[in-house]
file model-v7.tsv (TSV, C-alpha atoms)
chain	number	residue	atom	x	y	z
A	1	MET	CA	129.48	107.10	158.39
A	2	ILE	CA	127.71	104.42	160.43
A	3	ASP	CA	126.87	105.49	163.99
A	4	LEU	CA	128.32	102.56	165.92
A	5	LYS	CA	126.60	103.69	169.11
A	6	THR	CA	123.19	102.76	167.69
A	7	VAL	CA	123.76	99.70	165.47
A	8	ARG	CA	121.69	96.63	166.28
A	9	THR	CA	123.73	93.91	164.59
A	10	ASP	CA	126.65	92.73	166.67
A	11	VAL	CA	128.73	89.56	166.80
A	12	VAL	CA	129.16	89.18	170.54
A	13	GLY	CA	132.18	86.90	170.63
A	14	SER	CA	134.04	84.49	168.41
A	15	LEU	CA	132.70	82.46	165.52
A	16	LEU	CA	133.35	78.74	165.47
A	17	ARG	CA	136.84	78.08	164.24
A	18	PRO	CA	136.95	76.04	161.02
A	19	GLN	CA	138.40	72.56	161.20
A	20	THR	CA	141.26	73.60	158.91
A	21	LEU	CA	142.38	76.19	161.46
A	22	LYS	CA	142.03	73.76	164.36
A	23	ASP	CA	144.08	71.18	162.48
A	24	ALA	CA	146.74	73.79	161.74
A	25	ARG	CA	146.82	74.82	165.42
A	26	VAL	CA	147.43	71.22	166.50
A	27	ALA	CA	150.11	70.78	163.84
A	28	PHE	CA	151.80	73.98	165.00
A	29	ASP	CA	151.56	72.96	168.67
A	30	GLU	CA	153.20	69.64	167.80
A	31	GLY	CA	155.93	71.20	165.65
A	32	ARG	CA	154.73	69.73	162.37
A	33	ILE	CA	154.33	73.13	160.68
A	34	ASP	CA	156.21	76.39	161.22
A	35	GLY	CA	154.92	79.80	162.24
A	36	ALA	CA	154.55	81.01	158.66
A	37	ALA	CA	152.34	78.08	157.69
A	38	PHE	CA	150.20	78.55	160.79
A	39	ARG	CA	149.79	82.29	160.12
A	40	ALA	CA	148.64	81.46	156.60
A	41	ALA	CA	145.92	79.25	158.08
A	42	GLU	CA	144.92	82.06	160.46
A	43	ASP	CA	144.83	84.56	157.57
A	44	ALA	CA	142.51	82.31	155.58
A	45	ALA	CA	140.17	81.83	158.56
A	46	VAL	CA	140.00	85.57	159.29
A	47	THR	CA	139.32	86.40	155.65
A	48	ALA	CA	136.50	83.83	155.51
A	49	ALA	CA	134.99	85.19	158.75
A	50	VAL	CA	135.07	88.76	157.44
A	51	ARG	CA	133.39	87.77	154.18
A	52	LEU	CA	130.71	85.80	156.07
A	53	GLN	CA	129.83	88.76	158.31
A	54	GLU	CA	129.80	91.19	155.42
A	55	SER	CA	127.58	88.90	153.35
A	56	ALA	CA	125.13	88.75	156.27
A	57	GLY	CA	124.88	92.54	156.19
A	58	LEU	CA	126.31	93.23	159.64
A	59	ASP	CA	127.07	96.90	160.31
A	60	VAL	CA	130.19	96.10	162.33
A	61	ILE	CA	132.40	93.03	162.13
A	62	SER	CA	135.36	91.42	163.88
A	63	ASP	CA	138.10	88.95	163.07
A	64	SER	CA	136.01	86.51	165.15
A	65	GLU	CA	139.00	85.89	167.46
A	66	MET	CA	140.42	83.42	164.96
A	67	ARG	CA	143.98	84.30	166.03
A	68	ARG	CA	143.37	83.59	169.71
A	69	LEU	CA	143.70	80.23	171.38
A	70	ASN	CA	141.41	81.56	174.10
A	71	PHE	CA	139.27	84.70	174.17
A	72	GLN	CA	141.26	85.95	177.17
A	73	ASP	CA	144.49	86.09	175.15
A	74	SER	CA	143.84	89.78	174.46
A	75	PHE	CA	145.55	90.34	177.82
A	76	GLY	CA	147.10	87.01	178.83
A	77	ALA	CA	149.16	86.72	175.63
A	78	ALA	CA	149.97	90.44	175.56
A	79	VAL	CA	151.73	90.91	178.89
A	80	GLU	CA	154.82	89.68	180.69
A	81	GLY	CA	155.09	89.17	184.43
A	82	TYR	CA	152.85	86.18	185.11
A	83	ASP	CA	154.16	82.83	186.30
A	84	ALA	CA	152.46	81.06	183.40
A	85	LYS	CA	153.24	78.94	180.39
A	86	ARG	CA	152.03	78.41	176.86
A	87	SER	CA	149.07	76.13	176.32
A	88	THR	CA	147.78	74.13	173.36
A	89	LEU	CA	144.46	73.52	171.65
A	90	LYS	CA	144.37	69.94	172.91
A	91	VAL	CA	144.77	71.11	176.51
A	92	TYR	CA	141.87	73.54	176.17
A	93	GLU	CA	139.58	71.05	174.50
A	94	SER	CA	140.40	68.38	177.10
A	95	ARG	CA	138.77	70.54	179.78
A	96	VAL	CA	135.31	69.76	178.44
A	97	GLU	CA	135.82	66.17	177.30
A	98	GLY	CA	133.08	63.87	178.55
A	99	SER	CA	130.76	66.73	179.40
A	100	ALA	CA	127.00	66.30	179.44
A	101	PRO	CA	124.28	68.80	178.49
A	102	LEU	CA	123.60	71.42	181.18
A	103	GLN	CA	126.58	70.22	183.23
A	104	ARG	CA	128.23	72.78	185.47
A	105	TRP	CA	131.88	73.32	184.56
A	106	ASP	CA	134.38	72.40	187.30
A	107	ILE	CA	136.28	75.63	187.77
A	108	ALA	CA	139.08	73.73	189.53
A	109	GLN	CA	140.17	72.55	186.09
A	110	MET	CA	141.19	76.12	185.26
A	111	HIS	CA	143.65	76.47	188.14
A	112	ASP	CA	146.35	74.24	186.67
A	113	VAL	CA	149.58	75.76	185.36
A	114	GLY	CA	148.72	77.27	182.01
A	115	THR	CA	148.24	80.56	180.20
A	116	ALA	CA	147.61	83.72	182.18
A	117	VAL	CA	143.99	84.77	182.81
A	118	SER	CA	142.60	81.56	181.34
A	119	HIS	CA	144.11	79.99	184.47
A	120	ARG	CA	144.43	81.55	187.92
A	121	ARG	CA	148.15	82.35	187.98
A	122	PRO	CA	150.45	84.42	190.25
A	123	ALA	CA	152.84	87.17	189.18
A	124	LYS	CA	156.60	86.80	189.26
A	125	ALA	CA	157.18	90.44	188.26
A	126	ARG	CA	155.07	93.56	187.75
A	127	LEU	CA	153.02	93.26	184.59
A	128	THR	CA	154.15	95.05	181.45
A	129	LEU	CA	152.72	95.20	177.94
A	130	ALA	CA	155.07	93.08	175.83
A	131	ARG	CA	153.02	92.53	172.67
A	132	ASN	CA	149.93	94.52	171.78
A	133	VAL	CA	147.81	91.58	170.59
A	134	PRO	CA	144.53	93.50	170.03
A	135	LEU	CA	146.32	96.18	167.99
A	136	GLU	CA	147.98	93.56	165.80
A	137	GLU	CA	144.61	91.93	165.23
A	138	TYR	CA	142.95	95.22	164.33
A	139	GLN	CA	145.71	96.28	161.95
A	140	ASN	CA	145.30	93.00	160.09
A	141	VAL	CA	141.52	92.72	159.89
A	142	SER	CA	140.95	96.41	159.11
A	143	GLN	CA	142.87	95.90	155.87
A	144	LEU	CA	140.45	93.15	154.85
A	145	ALA	CA	137.13	94.66	155.88
A	146	ALA	CA	134.95	97.08	153.96
A	147	ARG	CA	132.93	97.87	157.09
A	148	PRO	CA	133.85	99.15	160.57
A	149	VAL	CA	135.75	96.66	162.73
A	150	LYS	CA	135.31	96.03	166.44
A	151	VAL	CA	137.99	94.65	168.75
A	152	SER	CA	137.31	92.74	171.97
A	153	LEU	CA	139.39	92.88	175.17
A	154	ILE	CA	138.96	90.85	178.32
A	155	GLY	CA	137.98	93.21	181.12
A	156	PRO	CA	139.83	94.03	184.37
A	157	ASP	CA	137.28	92.18	186.51
A	158	ARG	CA	138.01	88.80	184.89
A	159	ILE	CA	141.76	89.52	184.90
A	160	THR	CA	141.60	90.24	188.62
A	161	GLN	CA	139.50	87.18	189.40
A	162	ARG	CA	142.03	85.03	187.56
A	163	PHE	CA	145.01	86.43	189.51
A	164	ASP	CA	146.48	84.40	192.36
A	165	TYR	CA	147.29	87.37	194.57
A	166	GLN	CA	147.90	85.19	197.64
A	167	ALA	CA	151.00	83.80	195.90
A	168	SER	CA	152.09	87.20	194.54
A	169	SER	CA	152.74	89.26	197.68
A	170	ALA	CA	156.43	89.61	196.86
A	171	VAL	CA	155.44	91.49	193.68
A	172	TYR	CA	152.12	93.14	194.58
A	173	ARG	CA	151.67	93.94	198.26
A	174	GLU	CA	148.09	95.08	197.63
A	175	LEU	CA	145.55	93.84	195.11
A	176	ASP	CA	144.77	97.47	194.31
A	177	ASP	CA	148.33	97.84	192.98
A	178	PHE	CA	147.78	94.93	190.60
A	179	VAL	CA	144.46	96.37	189.41
A	180	ALA	CA	146.11	99.74	188.79
A	181	ASP	CA	148.69	98.09	186.52
A	182	VAL	CA	145.97	96.17	184.69
A	183	VAL	CA	143.96	99.33	184.06
A	184	ALA	CA	147.04	101.21	182.83
A	185	ILE	CA	147.92	98.42	180.38
A	186	GLU	CA	144.35	98.01	179.14
A	187	ARG	CA	143.94	101.76	178.69
A	188	ALA	CA	147.19	101.88	176.71
A	189	ILE	CA	145.81	99.14	174.44
A	190	VAL	CA	142.50	100.99	174.00
A	191	ASP	CA	144.26	104.27	173.21
A	192	SER	CA	146.47	102.53	170.63
A	193	LEU	CA	143.38	101.04	168.96
A	194	VAL	CA	141.62	104.40	168.80
A	195	LYS	CA	144.75	106.03	167.38
A	196	ALA	CA	144.89	103.29	164.72
A	197	GLY	CA	141.31	104.07	163.67
A	198	CYS	CA	139.21	101.55	165.63
A	199	ARG	CA	135.80	103.03	166.47
A	200	TYR	CA	134.30	100.19	168.51
A	201	ILE	CA	135.87	98.73	171.65
A	202	HIS	CA	134.13	95.67	173.08
A	203	ILE	CA	134.92	94.50	176.63
A	204	ASP	CA	134.35	90.86	177.57
A	205	ALA	CA	133.47	90.72	181.25
A	206	PRO	CA	132.18	87.25	182.15
A	207	GLY	CA	133.44	87.68	185.69
A	208	PHE	CA	130.60	90.01	186.69
A	209	THR	CA	128.14	87.13	186.75
A	210	ALA	CA	130.21	85.68	189.62
A	211	TYR	CA	128.56	88.31	191.83
A	212	VAL	CA	125.13	86.71	191.31
A	213	ASP	CA	126.29	83.07	191.44
A	214	GLU	CA	126.22	81.51	194.91
A	215	PRO	CA	129.07	78.96	194.44
A	216	SER	CA	131.32	81.73	193.05
A	217	LEU	CA	130.43	84.01	195.96
A	218	ALA	CA	131.23	81.19	198.39
A	219	GLN	CA	134.66	80.72	196.79
A	220	MET	CA	135.41	84.43	197.19
A	221	ARG	CA	134.42	84.38	200.85
A	222	ALA	CA	136.49	81.22	201.45
A	223	ARG	CA	139.53	83.16	200.20
A	224	GLY	CA	138.75	85.94	202.67
A	225	GLU	CA	137.45	88.29	199.98
A	226	ASP	CA	134.55	90.72	200.29
A	227	PRO	CA	132.44	90.27	197.12
A	228	GLN	CA	130.87	93.73	197.39
A	229	ARG	CA	134.26	95.42	197.72
A	230	LYS	CA	135.53	93.39	194.78
A	231	LEU	CA	132.52	94.42	192.69
A	232	GLN	CA	133.03	98.09	193.51
A	233	ARG	CA	136.74	97.89	192.63
A	234	SER	CA	135.95	96.16	189.35
A	235	LEU	CA	133.28	98.68	188.32
A	236	LYS	CA	135.75	101.51	188.88
A	237	ALA	CA	138.46	99.67	186.91
A	238	GLU	CA	136.14	98.79	184.02
A	239	ALA	CA	134.99	102.39	183.72
A	240	ALA	CA	138.55	103.71	183.72
A	241	VAL	CA	139.49	101.56	180.73
A	242	VAL	CA	136.92	103.20	178.41
A	243	SER	CA	136.06	106.58	179.95
A	244	ASP	CA	136.53	109.86	178.08
A	245	LEU	CA	137.11	108.35	174.65
A	246	PRO	CA	136.36	110.42	171.52
A	247	GLN	CA	132.66	110.80	170.72
A	248	SER	CA	133.15	108.84	167.48
A	249	VAL	CA	134.19	105.72	169.44
A	250	ALA	CA	131.55	103.29	170.68
A	251	THR	CA	132.04	100.86	173.54
A	252	GLY	CA	130.13	97.78	174.64
A	253	ILE	CA	130.41	95.23	177.41
A	254	HIS	CA	129.41	91.57	177.25
A	255	LEU	CA	128.40	89.58	180.33
A	256	CYS	CA	127.89	85.83	180.09
A	257	ARG	CA	127.87	82.78	182.33
A	258	GLY	CA	130.79	80.83	180.93
A	259	ASN	CA	129.26	78.85	178.08
A	260	GLN	CA	131.52	76.27	176.47
A	261	ARG	CA	129.94	73.64	174.27
A	262	SER	CA	127.05	72.39	176.41
A	263	MET	CA	128.71	73.40	179.67
A	264	TRP	CA	128.49	76.48	181.87
A	265	HIS	CA	129.91	77.55	185.23
A	266	ARG	CA	127.60	80.26	186.56
A	267	GLU	CA	123.94	81.07	187.00
A	268	GLY	CA	121.84	83.82	188.51
A	269	ALA	CA	119.79	86.85	187.46
A	270	TYR	CA	121.29	90.34	187.17
A	271	ASP	CA	118.90	91.83	189.76
A	272	ALA	CA	121.46	91.96	192.58
A	273	ILE	CA	123.98	93.98	190.55
A	274	ALA	CA	121.87	95.64	187.83
A	275	GLU	CA	121.52	99.10	189.36
A	276	ARG	CA	125.22	99.44	190.17
A	277	LEU	CA	126.30	97.88	186.89
A	278	PHE	CA	124.16	99.97	184.55
A	279	ASN	CA	124.81	103.24	186.38
A	280	ALA	CA	128.57	102.86	187.00
A	281	LEU	CA	129.71	101.77	183.54
A	282	PRO	CA	129.85	104.30	180.68
A	283	HIS	CA	129.28	101.84	177.82
A	284	ASP	CA	127.02	102.60	174.87
A	285	ARG	CA	125.59	99.09	174.91
A	286	PHE	CA	125.31	96.13	177.24
A	287	LEU	CA	125.43	92.73	175.52
A	288	LEU	CA	123.61	90.48	177.97
A	289	GLU	CA	122.07	87.05	178.36
A	290	TYR	CA	118.40	87.10	179.34
A	291	ASP	CA	115.19	85.10	179.53
A	292	SER	CA	116.57	81.68	180.44
A	293	PRO	CA	116.57	79.55	183.61
A	294	ARG	CA	120.23	80.46	184.22
A	295	ALA	CA	120.07	84.15	183.32
A	296	GLY	CA	116.69	85.21	184.69
A	297	SER	CA	114.09	87.50	183.15
A	298	PHE	CA	114.11	90.99	181.65
A	299	ALA	CA	113.03	92.50	184.98
A	300	PRO	CA	116.40	94.15	185.78
A	301	LEU	CA	115.89	96.38	182.70
A	302	ARG	CA	112.87	98.08	184.23
A	303	GLY	CA	112.94	101.86	183.91
call {"tool": "encode", "arguments": {"input": "model-v7.tsv", "output": "structure tokens"}}
result
Amino acid sequence: MIDLKTVRTDVVGSLLRPQTLKDARVAFDEGRIDGAAFRAAEDAAVTAAVRLQESAGLDVISDSEMRRLNFQDSFGAAVEGYDAKRSTLKVYESRVEGSAPLQRWDIAQMHDVGTAVSHRRPAKARLTLARNVPLEEYQNVSQLAARPVKVSLIGPDRITQRFDYQASSAVYRELDDFVADVVAIERAIVDSLVKAGCRYIHIDAPGFTAYVDEPSLAQMRARGEDPQRKLQRSLKAEAAVVSDLPQSVATGIHLCRGNQRSMWHREGAYDAIAERLFNALPHDRFLLEYDSPRAGSFAPLRG
């Protein structure tokens, strides 16, 4: 059995979606094909992604998030309680139309009414797990793959950053109450994956780079938030999602700076958060960006 805690080949996020799947998504969004036809297109894309990763000799593979409109759908599309609505592929792609290389992404574009987590939305009721999206994805791809399969979940920090708590006081009097519900739901998803046989849980946590990005820190302070308190709350929540899992289960966390096509929305080295991040989180591996003008050097990895 492969020791997933020590493998060195890892697909960090999604693979590029084939044009056939994108065309099918648009046709489905516009009502030109039904759900069955769209699922067939998804099935074909997942199968092709699995075969590609296996042919490359990767030790662990994923479904490459082919079934997600957005990588944050692991939570946003799985829960009920947000004041949010369904989005479309055209809406997502329009957010980067006309972009230029190395252009900073205007985060204000992500605050429009849209899907939960991908947009900053309030709650209209306490969150509940309505559809276990990651479990459905794992059950499908594990039947296709000859090698161990990983599943990615968006982490509590990003979920909390993309929650409009100021407009949710009638539902959640304290932000800590919201975070507690998020952790409970995410842990239930993780436990269901482990029970189903998944041995690698991958957490996407792009929000942590907000704590080293000056414009993001300024936005937090403008909302009356204490960035250091938020960071501490998030570290505790992230750890709770994956702590005390069976020894056979590996976990990893991915931190990025919001890359989309040529655009990005954060910058800054890990130095300011490295000690707290690496010591507080129980992950087997950290999947990080390094050695670039936006990400800084390898210095935070010093012994």
call {"tool": "atom_distance", "arguments": {"input": "model-v7.tsv", "atom1": "CA of Thr251 (chain A)", "atom2": "CA of Gly207 (chain A)"}}
result
18.0 Å
call {"tool": "residues_near_point", "arguments": {"input": "model-v7.tsv", "point": "(151.5, 91.7, 193.4)", "cutoff": "9 Å", "atoms": "only C-alpha atoms", "output": "list of chain:residue names"}}
result
A:Pro122, A:Ala123, A:Lys124, A:Ala125, A:Arg126, A:Asp164, A:Tyr165, A:Gln166, A:Ala167, A:Ser168, A:Ser169, A:Ala170, A:Val171, A:Tyr172, A:Arg173, A:Glu174, A:Leu175, A:Asp176, A:Asp177, A:Phe178
call {"tool": "residues_around", "arguments": {"input": "model-v7.tsv", "residues": "region 184-192 of chain A", "least_positions_apart": "6", "cutoff": "7 Å", "atoms": "only C-alpha atoms", "output": "compact mmCIF listing (two decimals) with C-alpha atoms, in the coordinates of the input"}}
result
# COMPACT_ATOMS: atom_id res chain seq x y z
CA LEU A 129 152.72 95.20 177.94
CA ASN A 132 149.93 94.52 171.78
CA LEU A 135 146.32 96.18 167.99
CA VAL A 241 139.49 101.56 180.73
call {"tool": "closest_residue", "arguments": {"input": "model-v7.tsv", "among": "A:Val182, A:Val141, A:Asp29, A:Thr115", "to": "Ala237 (chain A)", "atoms": "all atoms listed in the file"}}
result
A:Val182
call {"tool": "atom_distance", "arguments": {"input": "model-v7.tsv", "atom1": "CA of Ser64 (chain A)", "atom2": "CA of Ile253 (chain A)"}}
result
16.1 Å
call {"tool": "atom_distance", "arguments": {"input": "model-v7.tsv", "atom1": "CA of Ala240 (chain A)", "atom2": "CA of Leu4 (chain A)"}}
result
20.6 Å
call {"tool": "residues_around", "arguments": {"input": "model-v7.tsv", "residues": "Arg8 (chain A)", "least_positions_apart": "5", "cutoff": "10 Å", "atoms": "only C-alpha atoms", "output": "list in words"}}
result
Leu58, Asp59, Val60 and Arg285 of chain A
call {"tool": "closest_residue", "arguments": {"input": "model-v7.tsv", "among": "A:Ser74, A:Ser14, A:Ser248, A:Ser234", "to": "Asp157 (chain A)", "atoms": "all atoms listed in the file"}}
result
A:Ser234
call {"tool": "residues_around", "arguments": {"input": "model-v7.tsv", "residues": "Ala145 (chain A)", "least_positions_apart": "5", "cutoff": "12 Å", "atoms": "all atoms listed in the file", "output": "JSON, numbers by chain"}}
result
{"A": [46, 47, 48, 49, 50, 51, 52, 53, 54, 55, 58, 59, 60, 61, 62, 63, 138, 139, 140, 150]}
